[in-house]
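Source file: entry.tsv (TSV, C-alpha atoms)
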```
chain	number	residue	atom	x	y	z
N	17	GLN	CA	3.94	-13.54	-13.61
N	18	VAL	CA	1.96	-10.55	-12.41
N	19	GLN	CA	2.96	-7.28	-14.04
N	20	LEU	CA	1.57	-3.83	-13.26
N	21	VAL	CA	2.81	-0.87	-15.26
N	22	GLU	CA	1.75	2.66	-14.34
N	23	SER	CA	1.86	5.59	-16.74
N	24	GLY	CA	0.46	9.08	-17.10
N	25	GLY	CA	2.49	10.93	-14.49
N	26	GLY	CA	4.11	14.26	-15.20
N	27	VAL	CA	4.36	17.89	-14.18
N	28	VAL	CA	1.13	19.84	-13.77
N	29	GLN	CA	0.20	23.21	-12.33
N	30	PRO	CA	-1.92	23.54	-9.18
N	31	GLY	CA	-5.57	23.18	-10.08
N	32	GLY	CA	-4.74	20.99	-13.05
N	33	SER	CA	-5.65	17.42	-13.91
N	34	LEU	CA	-3.95	14.16	-14.84
N	35	ARG	CA	-5.13	10.66	-15.67
N	36	LEU	CA	-2.99	7.79	-14.46
N	37	SER	CA	-3.20	4.32	-15.97
N	38	CYS	CA	-2.09	0.93	-14.69
N	39	ALA	CA	-1.78	-1.82	-17.30
N	40	ALA	CA	-2.17	-5.27	-15.77
N	41	SER	CA	-1.02	-8.63	-17.07
N	42	GLY	CA	-0.19	-12.12	-15.82
N	43	PHE	CA	-3.41	-12.62	-13.88
N	44	THR	CA	-7.19	-12.52	-14.40
N	45	PHE	CA	-7.64	-8.79	-13.84
N	46	LYS	CA	-11.44	-8.84	-13.67
N	47	ASN	CA	-11.35	-11.09	-10.59
N	48	PHE	CA	-9.32	-8.80	-8.30
N	49	HIS	CA	-9.90	-5.59	-6.39
N	50	MET	CA	-7.25	-2.95	-7.12
N	51	HIS	CA	-5.63	-0.14	-5.10
N	52	TRP	CA	-3.89	3.17	-5.65
N	53	VAL	CA	-1.26	4.23	-3.09
N	54	ARG	CA	1.16	7.16	-3.13
N	55	ARG	CA	4.33	8.25	-1.41
N	56	ALA	CA	5.05	11.95	-1.13
N	57	PRO	CA	8.67	13.11	-0.94
N	58	GLY	CA	10.06	12.54	2.56
N	59	LYS	CA	6.83	10.99	3.79
N	60	GLY	CA	5.34	7.54	4.26
N	61	LEU	CA	2.91	5.52	2.22
N	62	GLU	CA	-0.61	6.89	1.86
N	63	TRP	CA	-3.51	4.71	0.76
N	64	LEU	CA	-5.69	6.57	-1.76
N	65	SER	CA	-8.39	4.38	-3.22
N	66	LEU	CA	-9.72	0.89	-3.92
N	67	ILE	CA	-12.06	-0.35	-6.61
N	68	GLU	CA	-13.78	-3.70	-6.32
N	69	TYR	CA	-13.27	-6.36	-8.98
N	70	ASP	CA	-16.36	-5.45	-11.00
N	71	GLY	CA	-16.05	-1.69	-10.59
N	72	ARG	CA	-19.35	-1.35	-8.75
N	73	ARG	CA	-17.95	-0.04	-5.47
N	74	THR	CA	-15.14	2.42	-4.85
N	75	TYR	CA	-13.53	3.79	-1.71
N	76	TYR	CA	-11.33	6.82	-1.10
N	77	ALA	CA	-9.10	8.47	1.46
N	78	ASP	CA	-10.56	11.69	2.84
N	79	SER	CA	-7.61	13.65	1.40
N	80	VAL	CA	-8.60	12.83	-2.19
N	81	LYS	CA	-12.34	12.24	-1.98
N	82	ASP	CA	-14.24	14.45	-4.44
N	83	ARG	CA	-11.03	15.22	-6.35
N	84	PHE	CA	-9.79	11.82	-7.51
N	85	THR	CA	-11.80	9.13	-9.29
N	86	ILE	CA	-10.79	5.48	-9.59
N	87	SER	CA	-12.11	3.36	-12.45
N	88	ARG	CA	-11.25	0.24	-14.40
N	89	ASP	CA	-11.71	-1.34	-17.80
N	90	ASN	CA	-11.90	-5.11	-17.37
N	91	TYR	CA	-11.81	-5.64	-21.14
N	92	ARG	CA	-8.54	-3.77	-21.51
N	93	ASN	CA	-7.10	-5.00	-18.16
N	94	THR	CA	-6.44	-1.43	-17.13
N	95	LEU	CA	-6.92	0.54	-13.92
N	96	PHE	CA	-7.25	4.32	-13.92
N	97	LEU	CA	-7.00	7.21	-11.48
N	98	GLN	CA	-8.33	10.60	-12.57
N	99	LEU	CA	-6.68	13.37	-10.59
N	100	ASN	CA	-8.50	16.74	-10.58
N	101	SER	CA	-8.00	20.00	-8.68
N	102	LEU	CA	-4.41	19.03	-7.99
N	103	ARG	CA	-2.52	20.60	-5.10
N	104	THR	CA	1.20	20.84	-4.41
N	105	GLU	CA	0.75	18.27	-1.62
N	106	ASP	CA	-0.42	15.72	-4.22
N	107	THR	CA	3.17	15.51	-5.49
N	108	GLY	CA	4.56	12.01	-5.16
N	109	ILE	CA	5.00	8.58	-6.65
N	110	TYR	CA	1.71	6.86	-7.41
N	111	TYR	CA	1.54	3.07	-7.27
N	112	CYS	CA	-1.17	0.69	-8.33
N	113	GLY	CA	-1.56	-2.59	-6.50
N	114	LYS	CA	-3.39	-5.90	-6.79
N	115	VAL	CA	-4.94	-7.57	-3.77
N	116	VAL	CA	-4.15	-11.00	-2.41
N	117	PRO	CA	-6.72	-13.66	-3.35
N	118	GLY	CA	-9.62	-13.40	-0.93
N	119	GLY	CA	-8.28	-10.35	0.84
N	120	HIS	CA	-7.49	-6.65	0.51
N	121	ASP	CA	-3.75	-6.71	1.31
N	122	ILE	CA	-1.64	-5.44	-1.58
N	123	ASP	CA	0.05	-8.49	-3.02
N	124	ASP	CA	1.71	-7.00	-6.11
N	125	TRP	CA	2.77	-3.45	-6.88
N	126	GLY	CA	3.69	-1.50	-9.98
N	127	GLN	CA	6.93	0.45	-10.22
N	128	GLY	CA	5.12	3.76	-9.77
N	129	THR	CA	4.62	6.93	-11.78
N	130	LEU	CA	5.76	10.36	-10.59
N	131	VAL	CA	3.29	13.22	-10.32
N	132	THR	CA	4.71	16.68	-9.69
N	133	VAL	CA	2.33	19.54	-8.94
N	134	SER	CA	4.17	22.82	-9.23
N	135	SER	CA	3.73	26.28	-10.67
W	5	ASP	CA	-11.52	6.23	11.20
W	6	ILE	CA	-8.99	3.64	12.32
W	7	HIS	CA	-5.61	5.05	13.27
W	8	LEU	CA	-2.35	3.05	13.41
W	9	THR	CA	0.55	4.00	15.67
W	10	GLN	CA	3.77	2.39	14.49
W	11	SER	CA	6.91	2.34	16.63
W	12	PRO	CA	9.75	2.99	16.65
W	13	SER	CA	10.03	5.39	13.72
W	14	PHE	CA	13.73	4.57	13.41
W	15	LEU	CA	15.96	1.81	14.67
W	16	SER	CA	19.59	0.94	14.21
W	17	SER	CA	20.69	-2.60	14.81
W	18	SER	CA	23.38	-5.11	13.88
W	19	VAL	CA	23.50	-8.13	11.63
W	20	GLY	CA	22.14	-11.14	13.50
W	21	ASP	CA	20.07	-9.12	15.96
W	22	ARG	CA	16.40	-9.81	16.66
W	23	VAL	CA	14.33	-6.78	15.72
W	24	THR	CA	10.73	-6.00	16.64
W	25	ILE	CA	8.43	-3.35	15.15
W	26	THR	CA	5.04	-2.63	16.68
W	27	CYS	CA	1.81	-1.34	15.16
W	28	ARG	CA	-1.09	-0.44	17.44
W	29	ALA	CA	-4.63	0.18	16.21
W	30	ASN	CA	-7.00	2.51	18.03
W	31	ARG	CA	-9.75	-0.10	17.86
W	32	ASP	CA	-10.31	-3.75	17.05
W	33	ILE	CA	-9.28	-4.68	13.50
W	34	ASN	CA	-9.37	-8.43	14.03
W	35	LYS	CA	-6.45	-9.97	12.09
W	36	PHE	CA	-6.70	-7.56	9.16
W	37	LEU	CA	-3.20	-6.14	9.14
W	38	ALA	CA	-0.39	-6.38	6.61
W	39	TRP	CA	3.34	-5.59	6.75
W	40	TYR	CA	5.32	-4.17	3.82
W	41	GLN	CA	8.97	-3.47	3.15
W	42	GLN	CA	10.12	-0.59	0.97
W	43	LYS	CA	13.67	0.10	-0.14
W	44	PRO	CA	14.77	3.44	-1.62
W	45	GLY	CA	13.66	3.90	-5.20
W	46	LYS	CA	11.65	0.67	-5.20
W	47	ALA	CA	8.01	-0.25	-4.88
W	48	PRO	CA	6.83	-1.68	-1.57
W	49	LYS	CA	6.75	-5.45	-1.12
W	50	LEU	CA	4.24	-7.45	0.89
W	51	LEU	CA	5.86	-9.46	3.67
W	52	ILE	CA	2.98	-10.62	5.86
W	53	TYR	CA	-0.79	-10.48	5.46
W	54	ALA	CA	-3.70	-11.30	7.71
W	55	ALA	CA	-1.43	-10.52	10.66
W	56	TYR	CA	0.47	-13.83	10.60
W	57	THR	CA	0.65	-15.24	7.07
W	58	LEU	CA	4.06	-15.04	5.43
W	59	LYS	CA	3.85	-14.30	1.74
W	60	SER	CA	5.35	-17.03	-0.41
W	61	GLY	CA	9.02	-16.37	-1.11
W	62	VAL	CA	9.57	-14.10	1.88
W	63	PRO	CA	12.38	-15.35	4.14
W	64	SER	CA	11.24	-17.20	7.24
W	65	ARG	CA	13.17	-14.81	9.51
W	66	PHE	CA	10.18	-12.48	9.10
W	67	SER	CA	7.14	-13.22	11.25
W	68	GLY	CA	4.00	-11.47	12.43
W	69	SER	CA	1.98	-11.73	15.61
W	70	ARG	CA	-1.05	-10.14	17.25
W	71	SER	CA	-2.18	-9.40	20.78
W	72	GLY	CA	-5.51	-7.63	20.75
W	73	THR	CA	-5.00	-4.38	18.87
W	74	GLU	CA	-1.20	-4.61	18.99
W	75	PHE	CA	0.62	-6.21	16.08
W	76	THR	CA	4.29	-7.06	15.82
W	77	LEU	CA	6.68	-7.66	12.94
W	78	THR	CA	9.74	-9.60	14.05
W	79	ILE	CA	12.95	-10.15	12.12
W	80	SER	CA	14.62	-13.01	13.95
W	81	SER	CA	18.13	-12.48	12.62
W	82	LEU	CA	18.69	-9.19	10.86
W	83	GLN	CA	20.48	-9.37	7.51
W	84	PRO	CA	22.18	-6.58	5.53
W	85	GLU	CA	19.47	-6.73	2.85
W	86	ASP	CA	16.80	-5.97	5.47
W	87	SER	CA	17.82	-2.32	5.55
W	88	ALA	CA	14.56	-0.65	4.49
W	89	THR	CA	11.46	1.14	5.73
W	90	TYR	CA	8.67	-1.06	7.04
W	91	TYR	CA	4.97	-0.17	7.07
W	92	CYS	CA	1.87	-1.72	8.56
W	93	GLN	CA	-1.55	-1.28	6.96
W	94	GLN	CA	-4.99	-2.07	8.35
W	95	LEU	CA	-7.45	-3.74	5.99
W	96	SER	CA	-10.43	-3.88	8.37
W	97	ASP	CA	-12.32	-0.72	7.46
W	98	TYR	CA	-12.10	2.21	5.07
W	99	PRO	CA	-9.94	4.25	4.77
W	100	LEU	CA	-7.25	1.53	4.66
W	101	VAL	CA	-4.55	3.55	6.38
W	102	PHE	CA	-0.85	2.81	6.75
W	103	GLY	CA	1.24	3.26	9.85
W	104	GLY	CA	3.86	5.99	9.82
W	105	GLY	CA	6.72	3.65	8.95
W	106	THR	CA	9.87	2.35	10.65
W	107	LYS	CA	13.23	2.93	9.06
W	108	VAL	CA	15.63	0.09	9.86
W	109	GLU	CA	19.32	0.82	9.60
W	110	ILE	CA	21.92	-1.93	9.76
```
Write-out of the structure in structure tokens:
Amino acid sequence: QVQLVESGGGVVQPGGSLRLSCAASGFTFKNFHMHWVRRAPGKGLEWLSLIEYDGRRTYYADSVKDRFTISRDNYRNTLFLQLNSLRTEDTGIYYCGKVVPGGHDIDDWGQGTLVTVSS
Amino acid sequence: DIHLTQSPSFLSSSVGDRVTITCRANRDINKFLAWYQQKPGKAPKLLIYAAYTLKSGVPSRFSGSRSGTEFTLTISSLQPEDSATYYCQQLSDYPLVFGGGTKVEI
């Protein structure tokens, strides 16, 4: 069965950096586009980024463009999100997600990792 | 950018009721819309993709429909376990935004 396990969250000061990881198993990782989505406290879901199956093309929400970088290692079946220049409003639970076959809808989700940006 | 207006933001209903949630896009997104359910402390779950297609394993009381740029999630007979927040997401063009969410209280 599909399993996605995020890690790398924690507490960081404004202006700091974190690197999130998402370990994938139970499917052929290199064949699927992957997403990052977050939910800030008291708010709704916010789509952040997508990376295509081979890593050649990436897409970002305006709120994180130029600060966050999505990447993947198809040999280690791992998705990454590098978070730089963090702001207090970046606080939230970060989820990775796998797309449905042939589409971009998020078929499977990890359990999430908590990022807290606070001084 | 595409913008999604989801309504209502909150609804309270009873077991057995038929419930409808609407998501309206500000321009044509074809059928590229998904519906998710999220319960407190849990990851979201995909219910419906490509506007109409029920994900395998999701109860048949959930259904999706489309009329132009207006999309609807219907729960035909509300169950206690359906208490959750529901989100739509457009998958037509980047950024792949979500609607604001609908909290359903039983």
Exercise for the section: Fewer than 6 positions away in the same chain doesn't count, so skip those; otherwise give me all residues within 7 Å of Thr24 of chain W, counting only C-alpha atoms, as a list of chain:residue names. Expected result: W:Thr76, W:Leu77, W:Thr78, W:Ile79
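Minimum atom-to-atom distance to Ser33 of chain N, evaluated using all atoms listed in the file, belongs to N:Arg103 out of N:Arg103, N:His49, N:Arg73, N:Arg55.
Comparing the minimum interatomic distances between Arg83 of chain N and each of N:Leu64, N:Val18, N:Leu99, N:Leu34, counting all atoms listed in the file, we find that N:Leu99 sits nearest.
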Practice task
Find the residues in chain W near chain N: any atom within 8 Å counts, using only C-alpha atoms. Write them as an NGL selection string.
Solution key: :W and (37-38 or 46-50 or 53-54 or 91 or 95 or 98-102 or 104-105)
Problem - Between atom CA of Ser17 of chain W and atom CA of Ile110 of chain W - distance in Å to one decimal - result: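 Interatomic distance here is 5.2 Å.
Closest approach to Thr94 of chain N among N:Thr107, N:Gln29, N:Ser37, N:Ser23 is made by N:Ser37 (distances from all atoms listed in the file).
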Practice task
Provide the atom CA of Gln94 of chain W to atom CA of Ser60 of chain W distance in Å, to one decimal place.
Solution key: 20.2 Å
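Interatomic distance, atom CA of Pro63 of chain W against atom CA of Arg22 of chain W: 14.3 Å.
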Practice task
Pull the neighbourhood of (-14.6, -1.0, -15.6) for me: all residues within 12 Å in file coordinates, counting only C-alpha atoms, as a ChimeraX atom specification.
Solution key: /N:45-50,67-74,86-97
Output C-alpha atoms for every residue in that selection, as an mmCIF file, keeping the file's coordinate frame.
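Once written, part_7.cif looks like this:
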```cif
data_model
loop_
_atom_site.group_PDB
_atom_site.id
_atom_site.type_symbol
_atom_site.label_atom_id
_atom_site.label_comp_id
_atom_site.auth_asym_id
_atom_site.auth_seq_id
_atom_site.Cartn_x
_atom_site.Cartn_y
_atom_site.Cartn_z
ATOM 1 C CA PHE N 45 -7.640 -8.790 -13.840
ATOM 2 C CA LYS N 46 -11.440 -8.840 -13.670
ATOM 3 C CA ASN N 47 -11.350 -11.090 -10.590
ATOM 4 C CA PHE N 48 -9.320 -8.800 -8.300
ATOM 5 C CA HIS N 49 -9.900 -5.590 -6.390
ATOM 6 C CA MET N 50 -7.250 -2.950 -7.120
ATOM 7 C CA ILE N 67 -12.060 -0.350 -6.610
ATOM 8 C CA GLU N 68 -13.780 -3.700 -6.320
ATOM 9 C CA TYR N 69 -13.270 -6.360 -8.980
ATOM 10 C CA ASP N 70 -16.360 -5.450 -11.000
ATOM 11 C CA GLY N 71 -16.050 -1.690 -10.590
ATOM 12 C CA ARG N 72 -19.350 -1.350 -8.750
ATOM 13 C CA ARG N 73 -17.950 -0.040 -5.470
ATOM 14 C CA THR N 74 -15.140 2.420 -4.850
ATOM 15 C CA ILE N 86 -10.790 5.480 -9.590
ATOM 16 C CA SER N 87 -12.110 3.360 -12.450
ATOM 17 C CA ARG N 88 -11.250 0.240 -14.400
ATOM 18 C CA ASP N 89 -11.710 -1.340 -17.800
ATOM 19 C CA ASN N 90 -11.900 -5.110 -17.370
ATOM 20 C CA TYR N 91 -11.810 -5.640 -21.140
ATOM 21 C CA ARG N 92 -8.540 -3.770 -21.510
ATOM 22 C CA ASN N 93 -7.100 -5.000 -18.160
ATOM 23 C CA THR N 94 -6.440 -1.430 -17.130
ATOM 24 C CA LEU N 95 -6.920 0.540 -13.920
ATOM 25 C CA PHE N 96 -7.250 4.320 -13.920
ATOM 26 C CA LEU N 97 -7.000 7.210 -11.480
#
```
